[in-house]
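Here is the structure we will look at, set down as structure tokens.
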Amino acid sequence: MSVRLAVLGATGRMGGRVAESAGPEVTLVGGIASAARGSDDAAGYPRIVTLAGAGSLLEEADVVLDVSSPAALETFLRDHGRALRGRALVTGTTGVGEEIARVLDELAGDVAVVRAANFAIGVALLRRLARDLARRLDPAEWDVEIAELHHGAKEDAPSGTALALGRAVAEARGTPFEEVRRDGRSGRTGPRSAGEIGMHALRGGTAAGEHRVAFLGPHERIALVHAAEDRALFARGALRACRWVAGRPPGLYSMEDVLGLDEPADGT
């Protein structure tokens, strides 16, 4: 059965890719953006409504996909959070504050919510691999540096994906991320602290996204790298999450849940 999908942030980069990538398993009921558009100018959607007029669109949807901005997501949750009951939410907006994160956590008590800093399948695997290595390598001997590269128009830094990778490493080591996080270096910084997780953001050009997690040990190094070559891969991952979460019980899910990474590879 086709999943009926409404998209918040329909006229953005990701919103356009979602419209292009939606296959027969997904029915686009419409988009939500800053300005309404008719079917002739709706960027691949049957129609686009404003946040104020999103109520009627939500009645037609099984799942809402959020690929908007922190401000738009905050307004949507404030005005339409109750309308999500009986539906599901998939959100990929990064750079959100603690208040929005708290609202999403509370919403997951009544609604199935997939929250992902990155919809790429490879990034979910990268996070799992980084966590596994961090558990096995002694932090007193192995340093960790995380670097990410994005296009020059990206507004938040480090990226949400880089932060998620940092949290995965810190969690695996049993340390609070904010206590060991170190954003960039400049001047006479002194010797590197044991257990520190370095975070570095590069911006420029049209790079879709690249993330590198480096484990630097005595006389050897391990590097995990994911490079996105086309933003369509994010849209495909988001649509996969939307298909997976439709009809799920309330709860807060991740892309690792969507991909079944906690299940045996042979499905047994």
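Starting from 1 in every chain, residues are counted up; chains themselves are A, B, ... following the order of the structure tokens, and ligands are numbered from 1 as listed.
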(request) Please provide the set of residues having any atom within 6 Å of segment 184-198 of chain A, restricted to only C-alpha atoms, with same-chain residues fewer than 4 positions apart removed, written as number ranges by chain. (result) A: 139-140, 144-146, 180
(message) Going by DSSP on the backbone, which residues of segment 5-250 of chain A come out as alpha helix (DSSP H)? List them as a ChimeraX atom specification.
(response) /A:13-21,55-58,70-80,98-107,121-136,160-173,177-180,232-245
Based on the selection just made, write C-alpha atoms of those residues as a PDB file, in the first residue's frame.
ATOM      1  CA  ARG A  13      16.940  21.556  -2.036  1.00  0.00           C
ATOM      2  CA  MET A  14      15.872  18.364  -0.277  1.00  0.00           C
ATOM      3  CA  GLY A  15      12.179  18.968  -0.858  1.00  0.00           C
ATOM      4  CA  GLY A  16      12.790  19.075  -4.593  1.00  0.00           C
ATOM      5  CA  ARG A  17      14.850  15.880  -4.532  1.00  0.00           C
ATOM      6  CA  VAL A  18      12.145  14.101  -2.543  1.00  0.00           C
ATOM      7  CA  ALA A  19       9.550  15.016  -5.178  1.00  0.00           C
ATOM      8  CA  GLU A  20      11.862  13.730  -7.924  1.00  0.00           C
ATOM      9  CA  SER A  21      12.658  10.480  -6.084  1.00  0.00           C
ATOM     10  CA  GLY A  55      -4.005  21.449   8.841  1.00  0.00           C
ATOM     11  CA  SER A  56      -6.071  20.244   5.897  1.00  0.00           C
ATOM     12  CA  LEU A  57      -2.995  18.700   4.256  1.00  0.00           C
ATOM     13  CA  LEU A  58      -2.110  16.746   7.382  1.00  0.00           C
ATOM     14  CA  PRO A  70      14.854  24.947  12.783  1.00  0.00           C
ATOM     15  CA  ALA A  71      12.511  27.948  12.698  1.00  0.00           C
ATOM     16  CA  ALA A  72       9.993  26.254  10.384  1.00  0.00           C
ATOM     17  CA  LEU A  73      10.096  23.028  12.389  1.00  0.00           C
ATOM     18  CA  GLU A  74       9.555  24.911  15.638  1.00  0.00           C
ATOM     19  CA  THR A  75       6.506  26.695  14.204  1.00  0.00           C
ATOM     20  CA  PHE A  76       5.137  23.462  12.745  1.00  0.00           C
ATOM     21  CA  LEU A  77       5.449  21.582  16.034  1.00  0.00           C
ATOM     22  CA  ARG A  78       3.875  24.437  17.967  1.00  0.00           C
ATOM     23  CA  ASP A  79       0.914  24.864  15.615  1.00  0.00           C
ATOM     24  CA  HIS A  80       0.345  21.310  14.393  1.00  0.00           C
ATOM     25  CA  GLU A  98      17.465  22.065  23.095  1.00  0.00           C
ATOM     26  CA  GLU A  99      13.823  23.217  23.195  1.00  0.00           C
ATOM     27  CA  ILE A 100      12.950  21.648  19.832  1.00  0.00           C
ATOM     28  CA  ALA A 101      14.801  18.477  20.821  1.00  0.00           C
ATOM     29  CA  ARG A 102      12.765  18.326  24.027  1.00  0.00           C
ATOM     30  CA  VAL A 103       9.490  18.793  22.122  1.00  0.00           C
ATOM     31  CA  LEU A 104      10.434  15.963  19.733  1.00  0.00           C
ATOM     32  CA  ASP A 105      11.231  13.698  22.675  1.00  0.00           C
ATOM     33  CA  GLU A 106       7.850  14.453  24.226  1.00  0.00           C
ATOM     34  CA  LEU A 107       6.056  14.023  20.897  1.00  0.00           C
ATOM     35  CA  ILE A 121      22.453   4.751   4.458  1.00  0.00           C
ATOM     36  CA  GLY A 122      26.253   4.950   4.427  1.00  0.00           C
ATOM     37  CA  VAL A 123      26.282   7.543   7.204  1.00  0.00           C
ATOM     38  CA  ALA A 124      24.224   5.287   9.484  1.00  0.00           C
ATOM     39  CA  LEU A 125      26.792   2.546   8.864  1.00  0.00           C
ATOM     40  CA  LEU A 126      29.641   5.021   9.437  1.00  0.00           C
ATOM     41  CA  ARG A 127      28.180   5.953  12.820  1.00  0.00           C
ATOM     42  CA  ARG A 128      27.908   2.296  13.792  1.00  0.00           C
ATOM     43  CA  LEU A 129      31.494   1.580  12.731  1.00  0.00           C
ATOM     44  CA  ALA A 130      32.800   4.636  14.593  1.00  0.00           C
ATOM     45  CA  ARG A 131      31.004   3.512  17.743  1.00  0.00           C
ATOM     46  CA  ASP A 132      32.379  -0.031  17.434  1.00  0.00           C
ATOM     47  CA  LEU A 133      35.952   1.177  16.971  1.00  0.00           C
ATOM     48  CA  ALA A 134      35.651   3.598  19.880  1.00  0.00           C
ATOM     49  CA  ARG A 135      34.624   0.731  22.155  1.00  0.00           C
ATOM     50  CA  ARG A 136      37.646  -1.347  21.149  1.00  0.00           C
ATOM     51  CA  GLY A 160      24.528  17.683  12.629  1.00  0.00           C
ATOM     52  CA  THR A 161      26.038  14.512  11.219  1.00  0.00           C
ATOM     53  CA  ALA A 162      29.495  15.358  12.579  1.00  0.00           C
ATOM     54  CA  LEU A 163      27.983  16.043  15.993  1.00  0.00           C
ATOM     55  CA  ALA A 164      26.097  12.732  15.864  1.00  0.00           C
ATOM     56  CA  LEU A 165      29.363  10.959  15.060  1.00  0.00           C
ATOM     57  CA  GLY A 166      31.083  12.713  17.946  1.00  0.00           C
ATOM     58  CA  ARG A 167      28.304  11.741  20.348  1.00  0.00           C
ATOM     59  CA  ALA A 168      28.496   8.119  19.161  1.00  0.00           C
ATOM     60  CA  VAL A 169      32.235   7.999  19.895  1.00  0.00           C
ATOM     61  CA  ALA A 170      31.851   9.690  23.285  1.00  0.00           C
ATOM     62  CA  GLU A 171      28.949   7.408  24.250  1.00  0.00           C
ATOM     63  CA  ALA A 172      30.983   4.323  23.323  1.00  0.00           C
ATOM     64  CA  ARG A 173      33.812   5.603  25.527  1.00  0.00           C
ATOM     65  CA  PHE A 177      30.373  14.514  24.578  1.00  0.00           C
ATOM     66  CA  GLU A 178      30.343  18.163  25.622  1.00  0.00           C
ATOM     67  CA  GLU A 179      33.136  17.488  28.126  1.00  0.00           C
ATOM     68  CA  VAL A 180      35.519  16.127  25.485  1.00  0.00           C
ATOM     69  CA  ALA A 232      19.445  12.319  -4.321  1.00  0.00           C
ATOM     70  CA  LEU A 233      20.878   9.706  -1.956  1.00  0.00           C
ATOM     71  CA  PHE A 234      19.567  11.720   1.013  1.00  0.00           C
ATOM     72  CA  ALA A 235      16.101  11.841  -0.553  1.00  0.00           C
ATOM     73  CA  ARG A 236      16.123   8.086  -1.134  1.00  0.00           C
ATOM     74  CA  GLY A 237      17.096   7.477   2.478  1.00  0.00           C
ATOM     75  CA  ALA A 238      14.401   9.859   3.736  1.00  0.00           C
ATOM     76  CA  LEU A 239      11.743   8.124   1.643  1.00  0.00           C
ATOM     77  CA  ARG A 240      12.904   4.759   2.950  1.00  0.00           C
ATOM     78  CA  ALA A 241      12.467   6.061   6.492  1.00  0.00           C
ATOM     79  CA  CYS A 242       8.970   7.331   5.647  1.00  0.00           C
ATOM     80  CA  ARG A 243       7.920   3.946   4.263  1.00  0.00           C
ATOM     81  CA  TRP A 244       9.384   2.147   7.269  1.00  0.00           C
ATOM     82  CA  VAL A 245       7.828   4.319   9.991  1.00  0.00           C
TER      83      VAL A 245
END
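Atom CA of Ala88 of chain A lies 7.9 Å from atom CA of Arg248 of chain A.
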(message) From the options A:Thr206, A:Thr11, A:Ser2, A:Asn118, which residue's atoms come nearest to Thr93 of chain A, counting only C-alpha atoms?
(response)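 Distance minimum relative to Thr93 of chain A lands on A:Asn118.
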(request) Report as a list in words: the residues of segment 77-119 of chain A with a DSSP assignment of strand (DSSP E), based on the backbone of this structure. (result)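 DSSP-assigned strand (DSSP E) residues in segment 77-119 of chain A: Ala88, Leu89, Val90, Thr91, Ala112, Val113, Val114 and Arg115 of chain A.
Taking atom CA of Val7 of chain A as the reference point, atom CA of Ala153 of chain A is found at 21.7 Å.
As for atom CA of Ser254 of chain A and atom CA of Ala214 of chain A, they are spaced 23.5 Å apart.
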(request) Write out as number ranges by chain the residues lying within 7 Å of Leu65 of chain A, counting only C-alpha atoms and excluding same-chain residues fewer than 2 positions away. (result) A: 6-8, 63, 67, 89-91
Store the residues picked out above, limited to N, CA and C atoms, as a short mmCIF file (atom, residue, chain, number, x, y, z; two decimals), in the first residue's frame.
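Listing of part_21.cif after writing:
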data_model
loop_
_atom_site.label_atom_id
_atom_site.label_comp_id
_atom_site.auth_asym_id
_atom_site.auth_seq_id
_atom_site.Cartn_x
_atom_site.Cartn_y
_atom_site.Cartn_z
N ALA A 6 3.28 14.06 3.30
CA ALA A 6 3.33 15.52 3.23
C ALA A 6 4.75 15.94 3.58
N VAL A 7 5.28 16.95 2.88
CA VAL A 7 6.68 17.34 3.05
C VAL A 7 6.78 18.79 3.52
N LEU A 8 7.36 18.98 4.70
CA LEU A 8 7.64 20.30 5.24
C LEU A 8 9.00 20.75 4.73
N VAL A 63 2.33 10.17 6.87
CA VAL A 63 3.65 10.55 7.39
C VAL A 63 3.95 11.98 6.95
N VAL A 67 12.08 18.47 6.11
CA VAL A 67 13.41 18.80 5.56
C VAL A 67 13.51 20.32 5.46
N LEU A 89 6.18 11.15 12.02
CA LEU A 89 7.03 12.27 11.62
C LEU A 89 8.44 11.76 11.37
N VAL A 90 9.01 12.17 10.26
CA VAL A 90 10.41 11.90 9.95
C VAL A 90 11.09 13.26 9.81
N THR A 91 12.08 13.54 10.64
CA THR A 91 12.70 14.86 10.59
C THR A 91 14.21 14.75 10.40
#
(request) Within 10 Å of Leu28 of chain A, counting only C-alpha atoms, which residues show up once you throw out same-chain ones fewer than 4 positions away? Write them as a ChimeraX atom specification, please. (result) /A:2-7,18-19,22-24,44-47,60-61
Requested write-out: N, CA and C atoms of the selected residues, as a PDB file, in the first residue's frame:
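So part_34.pdb came out as:
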ATOM      1  N   SER A   2       0.518   2.235  -0.772  1.00  0.00           N
ATOM      2  CA  SER A   2       1.294   3.457  -0.879  1.00  0.00           C
ATOM      3  C   SER A   2       1.165   4.305   0.387  1.00  0.00           C
ATOM      4  N   VAL A   3       2.288   4.863   0.824  1.00  0.00           N
ATOM      5  CA  VAL A   3       2.316   5.755   1.982  1.00  0.00           C
ATOM      6  C   VAL A   3       2.002   7.166   1.518  1.00  0.00           C
ATOM      7  N   ARG A   4       1.057   7.804   2.182  1.00  0.00           N
ATOM      8  CA  ARG A   4       0.675   9.175   1.834  1.00  0.00           C
ATOM      9  C   ARG A   4       1.577  10.139   2.606  1.00  0.00           C
ATOM     10  N   LEU A   5       2.283  10.987   1.859  1.00  0.00           N
ATOM     11  CA  LEU A   5       3.355  11.792   2.441  1.00  0.00           C
ATOM     12  C   LEU A   5       3.143  13.281   2.222  1.00  0.00           C
ATOM     13  N   ALA A   6       3.279  14.059   3.304  1.00  0.00           N
ATOM     14  CA  ALA A   6       3.335  15.521   3.230  1.00  0.00           C
ATOM     15  C   ALA A   6       4.755  15.942   3.583  1.00  0.00           C
ATOM     16  N   VAL A   7       5.281  16.950   2.881  1.00  0.00           N
ATOM     17  CA  VAL A   7       6.680  17.345   3.050  1.00  0.00           C
ATOM     18  C   VAL A   7       6.779  18.790   3.522  1.00  0.00           C
ATOM     19  N   VAL A  18      13.157  15.062  -3.005  1.00  0.00           N
ATOM     20  CA  VAL A  18      12.145  14.101  -2.543  1.00  0.00           C
ATOM     21  C   VAL A  18      11.052  13.952  -3.590  1.00  0.00           C
ATOM     22  N   ALA A  19      10.589  15.074  -4.146  1.00  0.00           N
ATOM     23  CA  ALA A  19       9.550  15.016  -5.178  1.00  0.00           C
ATOM     24  C   ALA A  19      10.030  14.244  -6.403  1.00  0.00           C
ATOM     25  N   ALA A  22      10.348  10.227  -5.324  1.00  0.00           N
ATOM     26  CA  ALA A  22       9.204   9.458  -4.826  1.00  0.00           C
ATOM     27  C   ALA A  22       8.733   8.465  -5.885  1.00  0.00           C
ATOM     28  N   GLY A  23       8.673   7.196  -5.509  1.00  0.00           N
ATOM     29  CA  GLY A  23       8.234   6.150  -6.430  1.00  0.00           C
ATOM     30  C   GLY A  23       6.806   5.728  -6.161  1.00  0.00           C
ATOM     31  N   PRO A  24       6.386   4.594  -6.711  1.00  0.00           N
ATOM     32  CA  PRO A  24       5.001   4.152  -6.571  1.00  0.00           C
ATOM     33  C   PRO A  24       4.600   3.795  -5.141  1.00  0.00           C
ATOM     34  N   GLY A  44       6.599  19.693  -8.410  1.00  0.00           N
ATOM     35  CA  GLY A  44       6.412  18.249  -8.373  1.00  0.00           C
ATOM     36  C   GLY A  44       5.394  17.771  -7.368  1.00  0.00           C
ATOM     37  N   TYR A  45       4.828  18.673  -6.581  1.00  0.00           N
ATOM     38  CA  TYR A  45       3.807  18.328  -5.595  1.00  0.00           C
ATOM     39  C   TYR A  45       2.420  18.671  -6.148  1.00  0.00           C
ATOM     40  N   PRO A  46       1.376  17.963  -5.695  1.00  0.00           N
ATOM     41  CA  PRO A  46       0.028  18.318  -6.142  1.00  0.00           C
ATOM     42  C   PRO A  46      -0.346  19.751  -5.768  1.00  0.00           C
ATOM     43  N   ARG A  47       0.142  20.191  -4.607  1.00  0.00           N
ATOM     44  CA  ARG A  47      -0.073  21.574  -4.161  1.00  0.00           C
ATOM     45  C   ARG A  47       0.896  21.854  -3.031  1.00  0.00           C
ATOM     46  N   GLU A  60      -4.738  14.378   5.200  1.00  0.00           N
ATOM     47  CA  GLU A  60      -4.597  13.427   4.086  1.00  0.00           C
ATOM     48  C   GLU A  60      -3.356  12.560   4.202  1.00  0.00           C
ATOM     49  N   ALA A  61      -2.460  12.853   5.164  1.00  0.00           N
ATOM     50  CA  ALA A  61      -1.134  12.226   5.203  1.00  0.00           C
ATOM     51  C   ALA A  61      -1.049  11.112   6.238  1.00  0.00           C
TER      52      ALA A  61
END
